[in-house]
Structure formats: structure tokens, C-alpha cells
Amino acid sequence: MHSRGVLMGVLLPRTLALLPIFSSVKAGFLPQAAGFQTIRPLPELRGGGTRNFGVSSVAMASAPTAVSCSWLASNLDKVKVLDASWYMATQERSPGVKLDAAAEFAARRIPGALFFDFDGTIKDAASDLPHMMPSPELFSQCVGKLGISNSHHVIVYDGLGVWSSPRGWYMFKAMGHHQVSILDGGFPAWEKLGLPIETEPKTVDTVAEKAAEYVAAPLPKSNLLDLPAVEANIKSRQYQLVDARPGPRFLGEAPEPRPIESGHIQGSLSVPWSAVVKDGFLKTPDEIREVMEKASVDLTKPVAITCGSGVSACIVGAALELVGVPAEKAPLFDGAYTEWKLAGKPSIKGKVDPPASKL
């Protein structure tokens, strides 16, 4: 009954606290996601092109790494919003209630949002590995159907705050689209602020009423590391390979969620994704620098990122961008530790790695 145009008219006056409630827009609250407890006062625009990025000027060469919910609410008619939620089978919304990205999107979403399905359709379907980067041609086709052109500023969010949205962010970056930002705090923060929620019928397959022309201009192949490159890096040390999986999995003390041996790639450094996120938000640059220093990551030297299947590594990638290492200079091992083990490569366990010459 109420179109997106009506919602835009409601949002733009900036009287956010006094927004009327429409039948298709309900400011309710989902049960809190694990670890999400409060709204932290953070800058509206964080990292990337923040310094030159005014509220009235959306188009620019490089968008901020992250934007706040209040900024998005004031600029909702100037951007394209995508729900990039994806969850592991073990993740729960509350005890005994599994997370379901498709069902949550169908039930409620940020007004005007469409679903960015990097685990279902926007991936390399020929790969046996989960949600691998699609071809530029497939990416262009899918993104164009979502009504996104090369000039649009894209905002990606997810249902846990900052969890899977950085994967969508990194994918756009890898395809040469620099005007992309993560919604800091994600959907939980949007709800907690009482901002409008769209509930009119949509599914993860819903596309834009009018498709747009989109042509991906992917970064050099070196921005996505393959297995041979990672194997060669053990001896060359061209990159500091940062692993975003939880510490116990990295050390080989806890099982992997997939049927592979836990442990880590020789020479990699452990920066669990949870170490750069607090209460569903990316930590501050000072906090991130402290995390990196403790993990022996030298921010003045080249860094590459990995994890279990290429998702949580992108959280660390976003954190790195906040401290001066842009995604374009932090290549991702897309197949990640899963590809490493399925290829029969060795795992290192414990905190001290043997010399590469001993492998």
C-alpha cells in the first residue's frame, strides 16, 4: 500500500525520532544477536573517503569503509541498499533458534533493500568450494538486476551487525566498485534506533523494478590469491597472511565447522574477526591498531587475509582499511583454509610454527 517513495518522504526531513508508523513499516525489534548489547556513539562516516565525503555529496571516487545508521537514514534516497546476510549452520538468533537469512529478509528489512545472495546466485557455481567469487560477467548481470549501476553508492548490511556484510563489500571492491560501504552495526543497530522497517512482501529473489547497466572492472588477479600463491608465500613471505578464524581453530584446539582438520597455514598470523568487532560495530582505529600490534601484524608491510571460507576474512579486511590498508592492497585467499585442507596441504598446530624449510 505504501511505496518506497512514501518512505523516502518520511525519512528525509531528519525528524527521525518523530517518524510516523505506516502499516508496511514497523519499528520492532528482533531478539538481540549474540554480542550485540548497545549502540556506541561512533562517527557517521568511517575510513576510506571519509574526509571528503559530505552528507550532501554521495558520488565520489572512494566511499567510506562504513557509515552509520543515522547517516543512511538521512541519505536513503541517494544510495542502493543490499542485505548481504549469510550465516553458518551453527549460528543461532537465540538458544535453539537457527539464523535464517532468507526468512529474516522476507519478514523485515531496511526500506528499499534487496538481497545480495553471495552464497546462492552471485558466486562461482562451478566451484566445489562455498561462495567463491563469481566471474565479472555474472557479477555484472546479477548486480544490474538489482538496479545498481557503476555510479551508485552501495550500502551493505547484515543481520548480526558486522558479520557477512564485509564479504559483500569486498566483492564490490574486487570488481572495481569503490563506492561501497558497510552499515556499521547492521540491521540490529537500525532496529535499536527505532528506524523504519519495511515489511511488504519480498524474497531473496526479488529484483529491481528497472534493471541497470553494470560493467564490472575487476582488480588485477593478484588481489585474489589462489592456492599456488599462498603456498609460495610460505617461503617468499611476500605477504603477512592474517587468519580471521577463532583462535582455538587456528591453534588446532577446536574443530572446524566443515569436515577438515583444524590448525593453520604455515607462517600465518591469528587475528580473530571478533577481535576487531565490538557490540556489532567495527572497533575504532586505535583499538584495531592495538589488536594488530598484539598479533604481530606490521601495518607498514603487505598484508593478505584468509579465514575458513572467505567471509570473516573480509571483516578483518574492513578493519585493516580503517587503519590505512585499503581492500585493494589486502588480497584475499578466496578459497581460504577450506581449499588449503581439501587440497591435502599440511596444517600447523600450536602457537610456534616450525621453519618453512622443515615442512
# chains A, B, ... in the order shown; residues from 1 in each chain; ligands from 1

call {"tool": "residues_around", "arguments": {"residues": "A:Pro326", "least_positions_apart": "6", "cutoff": "10 Å", "atoms": "only C-alpha atoms", "output": "PyMOL selection string"}}
result
chain A and resi 47-48+65+173+317-320

call {"tool": "write_last_selection", "arguments": {"atoms": "C-alpha atoms", "output": "compact mmCIF listing (two decimals), in the first residue's frame"}}
result
# COMPACT_ATOMS: atom_id res chain seq x y z
CA GLY A 47 37.57 5.20 6.88
CA GLY A 48 38.07 5.23 3.13
CA THR A 65 34.54 1.92 4.69
CA LYS A 173 35.76 -3.73 -4.24
CA GLY A 317 39.87 -6.57 5.66
CA ALA A 318 37.43 -3.80 6.59
CA ALA A 319 39.24 -3.24 9.88
CA LEU A 320 42.55 -3.00 8.03

call {"tool": "closest_atom_pairs", "arguments": {"of": "stretch 164-236 of chain A", "to": "stretch 100-107 of chain A", "cutoff": "9 Å", "atoms": "only C-alpha atoms", "output": "Markdown table"}}
result
| residue | atom | partner | partner_atom | distance |
| --- | --- | --- | --- | --- |
| A:Glu198 | CA | A:Ala107 | CA | 8.4 |
| A:Thr199 | CA | A:Ala107 | CA | 5.8 |
| A:Glu200 | CA | A:Ala107 | CA | 8.0 |
| A:Pro201 | CA | A:Ala106 | CA | 6.6 |
| A:Lys202 | CA | A:Ala106 | CA | 5.3 |
| A:Thr203 | CA | A:Ala106 | CA | 5.0 |
| A:Val204 | CA | A:Ala102 | CA | 5.9 |

call {"tool": "residues_around", "arguments": {"residues": "A:Gln91", "least_positions_apart": "4", "cutoff": "12 Å", "atoms": "only C-alpha atoms", "output": "JSON list (two decimals) with N, CA and C atoms, in the first residue's frame"}}
result
[["chain", "number", "residue", "atom", "x", "y", "z"],
["A", 33, "ALA", "N", 21.18, -10.18, 18.78],
["A", 33, "ALA", "CA", 22.19, -11.14, 18.35],
["A", 33, "ALA", "C", 23.25, -11.26, 19.42],
["A", 34, "ALA", "N", 23.90, -12.41, 19.45],
["A", 34, "ALA", "CA", 24.93, -12.64, 20.44],
["A", 34, "ALA", "C", 26.01, -11.57, 20.33],
["A", 86, "TRP", "N", 24.40, -13.73, 5.61],
["A", 86, "TRP", "CA", 24.70, -15.15, 5.44],
["A", 86, "TRP", "C", 25.15, -15.67, 6.79],
["A", 87, "TYR", "N", 24.71, -16.88, 7.13],
["A", 87, "TYR", "CA", 25.05, -17.43, 8.44],
["A", 87, "TYR", "C", 25.59, -18.84, 8.31],
["A", 95, "PRO", "N", 18.98, -19.14, 21.77],
["A", 95, "PRO", "CA", 19.17, -20.58, 22.01],
["A", 95, "PRO", "C", 18.09, -21.43, 21.34],
["A", 96, "GLY", "N", 18.52, -22.32, 20.46],
["A", 96, "GLY", "CA", 17.59, -23.22, 19.78],
["A", 96, "GLY", "C", 16.94, -22.65, 18.54],
["A", 97, "VAL", "N", 17.19, -21.37, 18.22],
["A", 97, "VAL", "CA", 16.58, -20.73, 17.04],
["A", 97, "VAL", "C", 17.68, -20.42, 16.03],
["A", 98, "LYS", "N", 17.72, -21.21, 14.96],
["A", 98, "LYS", "CA", 18.74, -21.03, 13.94],
["A", 98, "LYS", "C", 18.54, -19.72, 13.17],
["A", 99, "LEU", "N", 19.64, -19.12, 12.79],
["A", 99, "LEU", "CA", 19.57, -17.95, 11.95],
["A", 99, "LEU", "C", 19.19, -18.36, 10.52],
["A", 100, "ASP", "N", 18.35, -17.57, 9.90],
["A", 100, "ASP", "CA", 17.85, -17.87, 8.55],
["A", 100, "ASP", "C", 17.81, -16.57, 7.75],
["A", 101, "ALA", "N", 18.82, -16.35, 6.94],
["A", 101, "ALA", "CA", 18.93, -15.08, 6.21],
["A", 101, "ALA", "C", 17.74, -14.83, 5.30],
["A", 159, "GLY", "N", 22.41, -9.15, 9.32],
["A", 159, "GLY", "CA", 21.54, -9.30, 10.48],
["A", 159, "GLY", "C", 22.23, -9.50, 11.81],
["A", 160, "LEU", "N", 23.56, -9.45, 11.83],
["A", 160, "LEU", "CA", 24.29, -9.62, 13.09],
["A", 160, "LEU", "C", 25.12, -8.40, 13.46],
["A", 163, "TRP", "N", 29.11, -8.85, 10.21],
["A", 163, "TRP", "CA", 29.47, -10.27, 10.12],
["A", 163, "TRP", "C", 29.71, -10.65, 8.65],
["A", 257, "PRO", "N", 34.11, -26.11, 11.36],
["A", 257, "PRO", "CA", 32.68, -26.38, 11.10],
["A", 257, "PRO", "C", 32.48, -27.27, 9.88]]

call {"tool": "closest_residue", "arguments": {"among": "A:Phe116, A:Tyr214, A:Phe187, A:Phe172", "to": "A:Gly144", "atoms": "only C-alpha atoms"}}
result
A:Tyr214

call {"tool": "residues_around", "arguments": {"residues": "stretch 112-115 of chain A", "least_positions_apart": "5", "cutoff": "8 Å", "atoms": "only C-alpha atoms", "output": "PyMOL selection string"}}
result
chain A and resi 4+80-84+105+146+198+203-208

call {"tool": "residues_around", "arguments": {"residues": "A:Val303", "least_positions_apart": "2", "cutoff": "7 Å", "atoms": "only C-alpha atoms", "output": "ChimeraX atom specification"}}
result
/A:239-241,301,305,330

call {"tool": "residues_around", "arguments": {"residues": "stretch 122-139 of chain A", "least_positions_apart": "6", "cutoff": "10 Å", "atoms": "only C-alpha atoms", "output": "MDAnalysis selection string"}}
result
chainID A and resid 116 145 167:168 171:172 174:176 214:218 224 308:311 334:336 338:339 342

call {"tool": "atom_distance", "arguments": {"atom1": "atom CA of A:Ser296", "atom2": "atom CA of A:Val316"}}
result
14.5 Å

call {"tool": "residues_around", "arguments": {"residues": "stretch 272-279 of chain A", "least_positions_apart": "4", "cutoff": "10 Å", "atoms": "only C-alpha atoms", "output": "mmCIF file with all heavy atoms, in the first residue's frame"}}
result
data_model
loop_
_atom_site.group_PDB
_atom_site.id
_atom_site.type_symbol
_atom_site.label_atom_id
_atom_site.label_comp_id
_atom_site.auth_asym_id
_atom_site.auth_seq_id
_atom_site.Cartn_x
_atom_site.Cartn_y
_atom_site.Cartn_z
ATOM 1 N N ALA A 33 21.184 -10.176 18.775
ATOM 2 C CA ALA A 33 22.187 -11.139 18.347
ATOM 3 C C ALA A 33 23.255 -11.258 19.415
ATOM 4 O O ALA A 33 23.477 -10.337 20.198
ATOM 5 C CB ALA A 33 22.824 -10.677 17.030
ATOM 6 N N ALA A 34 23.896 -12.408 19.448
ATOM 7 C CA ALA A 34 24.933 -12.638 20.438
ATOM 8 C C ALA A 34 26.008 -11.568 20.331
ATOM 9 O O ALA A 34 26.528 -11.274 19.279
ATOM 10 C CB ALA A 34 25.557 -14.019 20.219
ATOM 11 N N GLY A 35 26.335 -10.949 21.454
ATOM 12 C CA GLY A 35 27.388 -9.954 21.493
ATOM 13 C C GLY A 35 26.909 -8.550 21.182
ATOM 14 O O GLY A 35 27.655 -7.589 21.334
ATOM 15 N N PHE A 36 25.663 -8.384 20.735
ATOM 16 C CA PHE A 36 25.156 -7.049 20.415
ATOM 17 C C PHE A 36 24.357 -6.537 21.611
ATOM 18 O O PHE A 36 23.304 -7.047 21.934
ATOM 19 C CB PHE A 36 24.260 -7.095 19.170
ATOM 20 C CG PHE A 36 23.788 -5.729 18.755
ATOM 21 C CD1 PHE A 36 24.580 -4.959 17.920
ATOM 22 C CD2 PHE A 36 22.604 -5.212 19.223
ATOM 23 C CE1 PHE A 36 24.167 -3.700 17.544
ATOM 24 C CE2 PHE A 36 22.193 -3.947 18.853
ATOM 25 C CZ PHE A 36 22.973 -3.195 18.008
ATOM 26 N N GLN A 37 24.877 -5.537 22.285
ATOM 27 C CA GLN A 37 24.252 -5.109 23.526
ATOM 28 C C GLN A 37 23.862 -3.638 23.556
ATOM 29 O O GLN A 37 22.908 -3.265 24.208
ATOM 30 C CB GLN A 37 25.208 -5.396 24.689
ATOM 31 C CG GLN A 37 25.547 -6.886 24.810
ATOM 32 C CD GLN A 37 26.604 -7.137 25.855
ATOM 33 O OE1 GLN A 37 26.992 -6.241 26.594
ATOM 34 N NE2 GLN A 37 27.076 -8.347 25.917
ATOM 35 N N THR A 38 24.608 -2.791 22.873
ATOM 36 C CA THR A 38 24.338 -1.372 22.998
ATOM 37 C C THR A 38 24.750 -0.643 21.738
ATOM 38 O O THR A 38 25.494 -1.179 20.928
ATOM 39 C CB THR A 38 25.101 -0.776 24.200
ATOM 40 O OG1 THR A 38 24.750 0.589 24.364
ATOM 41 C CG2 THR A 38 26.615 -0.869 23.999
ATOM 42 N N ILE A 39 24.274 0.579 21.561
ATOM 43 C CA ILE A 39 24.668 1.403 20.433
ATOM 44 C C ILE A 39 25.805 2.306 20.874
ATOM 45 O O ILE A 39 25.638 3.114 21.782
ATOM 46 C CB ILE A 39 23.488 2.262 19.937
ATOM 47 C CG1 ILE A 39 22.322 1.370 19.517
ATOM 48 C CG2 ILE A 39 23.927 3.164 18.795
ATOM 49 C CD1 ILE A 39 22.597 0.505 18.330
ATOM 50 N N ARG A 40 26.969 2.176 20.250
ATOM 51 C CA ARG A 40 28.093 3.009 20.615
ATOM 52 C C ARG A 40 28.083 4.288 19.791
ATOM 53 O O ARG A 40 27.811 4.261 18.600
ATOM 54 C CB ARG A 40 29.413 2.267 20.368
ATOM 55 C CG ARG A 40 29.583 1.042 21.216
ATOM 56 C CD ARG A 40 31.028 0.582 21.207
ATOM 57 N NE ARG A 40 31.459 0.222 19.867
ATOM 58 C CZ ARG A 40 32.719 0.276 19.465
ATOM 59 N NH1 ARG A 40 33.641 0.709 20.282
ATOM 60 N NH2 ARG A 40 33.051 -0.094 18.247
ATOM 61 N N LEU A 160 23.565 -9.453 11.829
ATOM 62 C CA LEU A 160 24.295 -9.619 13.091
ATOM 63 C C LEU A 160 25.120 -8.400 13.462
ATOM 64 O O LEU A 160 25.819 -8.425 14.472
ATOM 65 C CB LEU A 160 25.208 -10.858 13.024
ATOM 66 C CG LEU A 160 24.512 -12.214 13.117
ATOM 67 C CD1 LEU A 160 25.539 -13.334 13.038
ATOM 68 C CD2 LEU A 160 23.698 -12.336 14.397
ATOM 69 N N GLY A 161 25.048 -7.353 12.682
ATOM 70 C CA GLY A 161 25.835 -6.160 12.976
ATOM 71 C C GLY A 161 26.904 -5.992 11.922
ATOM 72 O O GLY A 161 26.703 -5.344 10.903
ATOM 73 N N VAL A 162 28.063 -6.575 12.174
ATOM 74 C CA VAL A 162 29.127 -6.658 11.175
ATOM 75 C C VAL A 162 29.602 -8.104 11.175
ATOM 76 O O VAL A 162 30.373 -8.532 12.031
ATOM 77 C CB VAL A 162 30.304 -5.701 11.490
ATOM 78 C CG1 VAL A 162 31.440 -5.929 10.496
ATOM 79 C CG2 VAL A 162 29.846 -4.244 11.425
ATOM 80 N N TRP A 163 29.109 -8.854 10.215
ATOM 81 C CA TRP A 163 29.474 -10.271 10.116
ATOM 82 C C TRP A 163 29.711 -10.653 8.651
ATOM 83 O O TRP A 163 30.841 -10.784 8.220
ATOM 84 C CB TRP A 163 28.404 -11.157 10.765
ATOM 85 C CG TRP A 163 28.424 -12.591 10.327
ATOM 86 C CD1 TRP A 163 27.457 -13.269 9.635
ATOM 87 C CD2 TRP A 163 29.490 -13.539 10.507
ATOM 88 N NE1 TRP A 163 27.849 -14.564 9.367
ATOM 89 C CE2 TRP A 163 29.086 -14.758 9.890
ATOM 90 C CE3 TRP A 163 30.744 -13.473 11.111
ATOM 91 C CZ2 TRP A 163 29.895 -15.903 9.868
ATOM 92 C CZ3 TRP A 163 31.555 -14.612 11.085
ATOM 93 C CH2 TRP A 163 31.122 -15.816 10.482
ATOM 94 N N GLY A 185 27.099 -1.619 12.503
ATOM 95 C CA GLY A 185 26.040 -2.024 13.428
ATOM 96 C C GLY A 185 24.947 -2.817 12.750
ATOM 97 O O GLY A 185 24.177 -3.510 13.424
ATOM 98 N N ALA A 189 21.419 -2.551 14.793
ATOM 99 C CA ALA A 189 21.550 -1.148 15.185
ATOM 100 C C ALA A 189 20.421 -0.314 14.594
ATOM 101 O O ALA A 189 19.879 0.592 15.249
ATOM 102 C CB ALA A 189 22.901 -0.607 14.735
ATOM 103 N N VAL A 242 47.054 -13.046 7.286
ATOM 104 C CA VAL A 242 46.283 -12.877 8.519
ATOM 105 C C VAL A 242 45.039 -13.753 8.450
ATOM 106 O O VAL A 242 44.235 -13.647 7.522
ATOM 107 C CB VAL A 242 45.900 -11.395 8.720
ATOM 108 C CG1 VAL A 242 44.986 -11.235 9.925
ATOM 109 C CG2 VAL A 242 47.163 -10.558 8.893
ATOM 110 N N ASP A 243 44.869 -14.606 9.453
ATOM 111 C CA ASP A 243 43.772 -15.572 9.508
ATOM 112 C C ASP A 243 42.709 -15.074 10.492
ATOM 113 O O ASP A 243 43.004 -14.854 11.670
ATOM 114 C CB ASP A 243 44.313 -16.931 9.943
ATOM 115 C CG ASP A 243 43.311 -18.063 9.776
ATOM 116 O OD1 ASP A 243 42.112 -17.836 9.992
ATOM 117 O OD2 ASP A 243 43.739 -19.193 9.450
ATOM 118 N N ALA A 244 41.459 -14.928 10.019
ATOM 119 C CA ALA A 244 40.384 -14.355 10.822
ATOM 120 C C ALA A 244 39.557 -15.377 11.599
ATOM 121 O O ALA A 244 38.609 -15.011 12.288
ATOM 122 C CB ALA A 244 39.451 -13.536 9.930
ATOM 123 N N ARG A 245 39.897 -16.661 11.513
ATOM 124 C CA ARG A 245 39.111 -17.666 12.252
ATOM 125 C C ARG A 245 39.337 -17.531 13.760
ATOM 126 O O ARG A 245 40.350 -16.978 14.208
ATOM 127 C CB ARG A 245 39.522 -19.076 11.799
ATOM 128 C CG ARG A 245 39.092 -19.435 10.386
ATOM 129 C CD ARG A 245 39.663 -20.787 9.983
ATOM 130 N NE ARG A 245 41.113 -20.787 10.048
ATOM 131 C CZ ARG A 245 41.869 -21.812 10.414
ATOM 132 N NH1 ARG A 245 41.306 -22.954 10.763
ATOM 133 N NH2 ARG A 245 43.187 -21.699 10.435
ATOM 134 N N PRO A 246 38.420 -18.046 14.561
ATOM 135 C CA PRO A 246 38.621 -18.015 16.011
ATOM 136 C C PRO A 246 39.943 -18.676 16.405
ATOM 137 O O PRO A 246 40.388 -19.649 15.777
ATOM 138 C CB PRO A 246 37.421 -18.804 16.546
ATOM 139 C CG PRO A 246 36.369 -18.635 15.502
ATOM 140 C CD PRO A 246 37.108 -18.609 14.192
ATOM 141 N N GLY A 247 40.565 -18.146 17.460
ATOM 142 C CA GLY A 247 41.856 -18.628 17.902
ATOM 143 C C GLY A 247 41.965 -20.134 18.110
ATOM 144 O O GLY A 247 42.935 -20.755 17.651
ATOM 145 N N PRO A 248 40.994 -20.767 18.781
ATOM 146 C CA PRO A 248 41.104 -22.212 19.009
ATOM 147 C C PRO A 248 41.153 -23.027 17.714
ATOM 148 O O PRO A 248 41.847 -24.043 17.657
ATOM 149 C CB PRO A 248 39.847 -22.526 19.827
ATOM 150 C CG PRO A 248 39.554 -21.248 20.555
ATOM 151 C CD PRO A 248 39.895 -20.176 19.567
ATOM 152 N N ARG A 249 40.445 -22.597 16.685
ATOM 153 C CA ARG A 249 40.522 -23.295 15.400
ATOM 154 C C ARG A 249 41.882 -23.078 14.759
ATOM 155 O O ARG A 249 42.473 -24.004 14.192
ATOM 156 C CB ARG A 249 39.401 -22.816 14.468
ATOM 157 C CG ARG A 249 38.019 -23.332 14.851
ATOM 158 C CD ARG A 249 36.907 -22.604 14.112
ATOM 159 N NE ARG A 249 37.070 -22.622 12.658
ATOM 160 C CZ ARG A 249 36.349 -21.885 11.823
ATOM 161 N NH1 ARG A 249 35.412 -21.061 12.298
ATOM 162 N NH2 ARG A 249 36.548 -21.966 10.518
ATOM 163 N N PHE A 250 42.396 -21.870 14.832
ATOM 164 C CA PHE A 250 43.707 -21.549 14.289
ATOM 165 C C PHE A 250 44.786 -22.401 14.952
ATOM 166 O O PHE A 250 45.703 -22.901 14.290
ATOM 167 C CB PHE A 250 43.989 -20.061 14.512
ATOM 168 C CG PHE A 250 45.345 -19.594 14.040
ATOM 169 C CD1 PHE A 250 45.517 -19.130 12.747
ATOM 170 C CD2 PHE A 250 46.445 -19.597 14.896
ATOM 171 C CE1 PHE A 250 46.769 -18.691 12.304
ATOM 172 C CE2 PHE A 250 47.687 -19.162 14.473
ATOM 173 C CZ PHE A 250 47.852 -18.705 13.170
ATOM 174 N N LYS A 283 35.525 -1.909 15.494
ATOM 175 C CA LYS A 283 36.220 -1.160 16.531
ATOM 176 C C LYS A 283 36.834 0.112 15.955
ATOM 177 O O LYS A 283 36.912 0.304 14.738
ATOM 178 C CB LYS A 283 37.310 -2.034 17.160
ATOM 179 C CG LYS A 283 36.767 -3.105 18.102
ATOM 180 C CD LYS A 283 37.904 -3.838 18.817
ATOM 181 C CE LYS A 283 37.365 -4.821 19.851
ATOM 182 N NZ LYS A 283 38.456 -5.527 20.561
ATOM 183 N N THR A 284 37.285 0.979 16.838
ATOM 184 C CA THR A 284 37.907 2.229 16.415
ATOM 185 C C THR A 284 39.294 1.952 15.848
ATOM 186 O O THR A 284 39.909 0.914 16.156
ATOM 187 C CB THR A 284 38.043 3.196 17.593
ATOM 188 O OG1 THR A 284 38.973 2.632 18.543
ATOM 189 C CG2 THR A 284 36.696 3.431 18.281
ATOM 190 N N PRO A 285 39.826 2.854 15.037
ATOM 191 C CA PRO A 285 41.179 2.647 14.509
ATOM 192 C C PRO A 285 42.226 2.392 15.581
ATOM 193 O O PRO A 285 43.083 1.523 15.413
ATOM 194 C CB PRO A 285 41.445 3.946 13.743
ATOM 195 C CG PRO A 285 40.086 4.368 13.265
ATOM 196 C CD PRO A 285 39.170 4.023 14.414
ATOM 197 N N GLU A 287 41.802 1.034 18.518
ATOM 198 C CA GLU A 287 41.601 -0.322 19.031
ATOM 199 C C GLU A 287 42.098 -1.371 18.037
ATOM 200 O O GLU A 287 42.697 -2.378 18.418
ATOM 201 C CB GLU A 287 40.116 -0.549 19.333
ATOM 202 C CG GLU A 287 39.593 0.238 20.520
ATOM 203 C CD GLU A 287 38.074 0.138 20.674
ATOM 204 O OE1 GLU A 287 37.375 0.128 19.637
ATOM 205 O OE2 GLU A 287 37.604 0.091 21.828
ATOM 206 N N ILE A 288 41.855 -1.113 16.755
ATOM 207 C CA ILE A 288 42.286 -2.058 15.722
ATOM 208 C C ILE A 288 43.809 -2.106 15.650
ATOM 209 O O ILE A 288 44.407 -3.189 15.541
ATOM 210 C CB ILE A 288 41.678 -1.679 14.362
ATOM 211 C CG1 ILE A 288 40.146 -1.868 14.390
ATOM 212 C CG2 ILE A 288 42.286 -2.519 13.230
ATOM 213 C CD1 ILE A 288 39.425 -1.230 13.230
ATOM 214 N N ARG A 289 44.449 -0.959 15.727
ATOM 215 C CA ARG A 289 45.914 -0.939 15.713
ATOM 216 C C ARG A 289 46.483 -1.746 16.874
ATOM 217 O O ARG A 289 47.474 -2.465 16.717
ATOM 218 C CB ARG A 289 46.426 0.498 15.767
ATOM 219 C CG ARG A 289 46.190 1.291 14.493
ATOM 220 C CD ARG A 289 46.898 2.636 14.519
ATOM 221 N NE ARG A 289 46.456 3.462 13.410
ATOM 222 C CZ ARG A 289 45.498 4.372 13.494
ATOM 223 N NH1 ARG A 289 44.873 4.583 14.647
ATOM 224 N NH2 ARG A 289 45.153 5.068 12.431
ATOM 225 N N GLU A 290 45.871 -1.632 18.023
ATOM 226 C CA GLU A 290 46.320 -2.386 19.185
ATOM 227 C C GLU A 290 46.175 -3.888 18.947
ATOM 228 O O GLU A 290 47.068 -4.675 19.286
ATOM 229 C CB GLU A 290 45.519 -1.967 20.421
ATOM 230 C CG GLU A 290 45.972 -2.656 21.706
ATOM 231 C CD GLU A 290 45.192 -2.203 22.922
ATOM 232 O OE1 GLU A 290 44.375 -1.258 22.795
ATOM 233 O OE2 GLU A 290 45.383 -2.785 23.996
ATOM 234 N N VAL A 291 45.049 -4.289 18.345
ATOM 235 C CA VAL A 291 44.830 -5.704 18.032
ATOM 236 C C VAL A 291 45.909 -6.203 17.069
ATOM 237 O O VAL A 291 46.484 -7.281 17.255
ATOM 238 C CB VAL A 291 43.430 -5.907 17.413
ATOM 239 C CG1 VAL A 291 43.289 -7.309 16.815
ATOM 240 C CG2 VAL A 291 42.348 -5.681 18.468
ATOM 241 N N MET A 292 46.185 -5.428 16.040
ATOM 242 C CA MET A 292 47.178 -5.830 15.050
ATOM 243 C C MET A 292 48.569 -5.919 15.659
ATOM 244 O O MET A 292 49.341 -6.840 15.360
ATOM 245 C CB MET A 292 47.171 -4.855 13.866
ATOM 246 C CG MET A 292 45.867 -4.826 13.079
ATOM 247 S SD MET A 292 45.462 -6.438 12.337
ATOM 248 C CE MET A 292 43.763 -6.167 11.846
ATOM 249 N N ALA A 295 49.017 -9.018 17.579
ATOM 250 C CA ALA A 295 49.087 -10.191 16.706
ATOM 251 C C ALA A 295 50.352 -10.195 15.840
ATOM 252 O O ALA A 295 50.508 -11.065 14.985
ATOM 253 C CB ALA A 295 47.856 -10.236 15.806
ATOM 254 N N CYS A 307 40.571 -16.991 6.015
ATOM 255 C CA CYS A 307 39.719 -17.451 7.117
ATOM 256 C C CYS A 307 39.321 -18.887 6.800
ATOM 257 O O CYS A 307 40.134 -19.654 6.290
ATOM 258 C CB CYS A 307 38.499 -16.545 7.292
ATOM 259 S SG CYS A 307 37.465 -16.405 5.818
ATOM 260 N N VAL A 311 34.724 -15.463 4.197
ATOM 261 C CA VAL A 311 33.738 -14.488 4.691
ATOM 262 C C VAL A 311 34.319 -13.644 5.827
ATOM 263 O O VAL A 311 34.449 -12.430 5.710
ATOM 264 C CB VAL A 311 32.438 -15.183 5.137
ATOM 265 C CG1 VAL A 311 31.463 -14.176 5.764
ATOM 266 C CG2 VAL A 311 31.768 -15.860 3.949
ATOM 267 N N SER A 312 34.674 -14.274 6.942
ATOM 268 C CA SER A 312 35.141 -13.488 8.090
ATOM 269 C C SER A 312 36.466 -12.788 7.818
ATOM 270 O O SER A 312 36.780 -11.781 8.460
ATOM 271 C CB SER A 312 35.250 -14.358 9.345
ATOM 272 O OG SER A 312 36.196 -15.394 9.183
ATOM 273 N N ALA A 313 37.248 -13.273 6.839
ATOM 274 C CA ALA A 313 38.471 -12.567 6.460
ATOM 275 C C ALA A 313 38.164 -11.139 6.030
ATOM 276 O O ALA A 313 38.957 -10.214 6.266
ATOM 277 C CB ALA A 313 39.171 -13.305 5.326
ATOM 278 N N CYS A 314 36.999 -10.954 5.412
ATOM 279 C CA CYS A 314 36.632 -9.630 4.914
ATOM 280 C C CYS A 314 36.308 -8.658 6.045
ATOM 281 O O CYS A 314 36.409 -7.440 5.864
ATOM 282 C CB CYS A 314 35.466 -9.748 3.939
ATOM 283 S SG CYS A 314 35.850 -10.778 2.489
ATOM 284 N N ILE A 315 35.932 -9.180 7.218
ATOM 285 C CA ILE A 315 35.748 -8.316 8.394
ATOM 286 C C ILE A 315 37.093 -7.725 8.773
ATOM 287 O O ILE A 315 37.221 -6.516 9.023
ATOM 288 C CB ILE A 315 35.153 -9.103 9.581
ATOM 289 C CG1 ILE A 315 33.865 -9.812 9.196
ATOM 290 C CG2 ILE A 315 34.928 -8.165 10.772
ATOM 291 C CD1 ILE A 315 33.323 -10.739 10.284
ATOM 292 N N VAL A 316 38.110 -8.572 8.825
ATOM 293 C CA VAL A 316 39.457 -8.095 9.117
ATOM 294 C C VAL A 316 39.931 -7.163 8.010
ATOM 295 O O VAL A 316 40.605 -6.165 8.263
ATOM 296 C CB VAL A 316 40.423 -9.280 9.307
ATOM 297 C CG1 VAL A 316 41.862 -8.796 9.442
ATOM 298 C CG2 VAL A 316 40.034 -10.081 10.546
ATOM 299 N N GLY A 317 39.531 -7.454 6.763
ATOM 300 C CA GLY A 317 39.870 -6.568 5.659
ATOM 301 C C GLY A 317 39.293 -5.174 5.849
ATOM 302 O O GLY A 317 39.962 -4.170 5.592
ATOM 303 N N ALA A 318 38.050 -5.099 6.322
ATOM 304 C CA ALA A 318 37.427 -3.796 6.585
ATOM 305 C C ALA A 318 38.143 -3.084 7.720
ATOM 306 O O ALA A 318 38.364 -1.864 7.675
ATOM 307 C CB ALA A 318 35.947 -3.983 6.921
ATOM 308 N N ALA A 319 38.507 -3.832 8.758
ATOM 309 C CA ALA A 319 39.242 -3.244 9.878
ATOM 310 C C ALA A 319 40.595 -2.712 9.419
ATOM 311 O O ALA A 319 41.022 -1.624 9.833
ATOM 312 C CB ALA A 319 39.423 -4.292 10.986
ATOM 313 N N LEU A 320 41.259 -3.455 8.551
ATOM 314 C CA LEU A 320 42.547 -3.004 8.027
ATOM 315 C C LEU A 320 42.387 -1.700 7.254
ATOM 316 O O LEU A 320 43.241 -0.804 7.336
ATOM 317 C CB LEU A 320 43.146 -4.079 7.132
ATOM 318 C CG LEU A 320 43.760 -5.291 7.839
ATOM 319 C CD1 LEU A 320 44.067 -6.398 6.833
ATOM 320 C CD2 LEU A 320 45.031 -4.899 8.601
#

call {"tool": "select_by_dssp", "arguments": {"residues": "stretch 147-193 of chain A", "states": "strand (DSSP E or B)", "output": "list of chain:residue names"}}
result
A:Val154, A:Ile155, A:Val156, A:Tyr157, A:Val180, A:Ser181, A:Ile182, A:Leu183

call {"tool": "atom_distance", "arguments": {"atom1": "atom CA of A:Thr90", "atom2": "atom CA of A:Gly344"}}
result
25.0 Å

call {"tool": "closest_residue", "arguments": {"among": "A:Pro188, A:Asp158, A:Ile110, A:His177", "to": "A:Ser140", "atoms": "only C-alpha atoms"}}
result
A:His177

call {"tool": "closest_residue", "arguments": {"among": "A:Val297, A:Val352, A:Ala229, A:Cys69", "to": "A:Phe281", "atoms": "only C-alpha atoms"}}
result
A:Cys69

call {"tool": "atom_distance", "arguments": {"atom1": "atom CA of A:Ser268", "atom2": "atom CA of A:Glu328"}}
result
19.9 Å
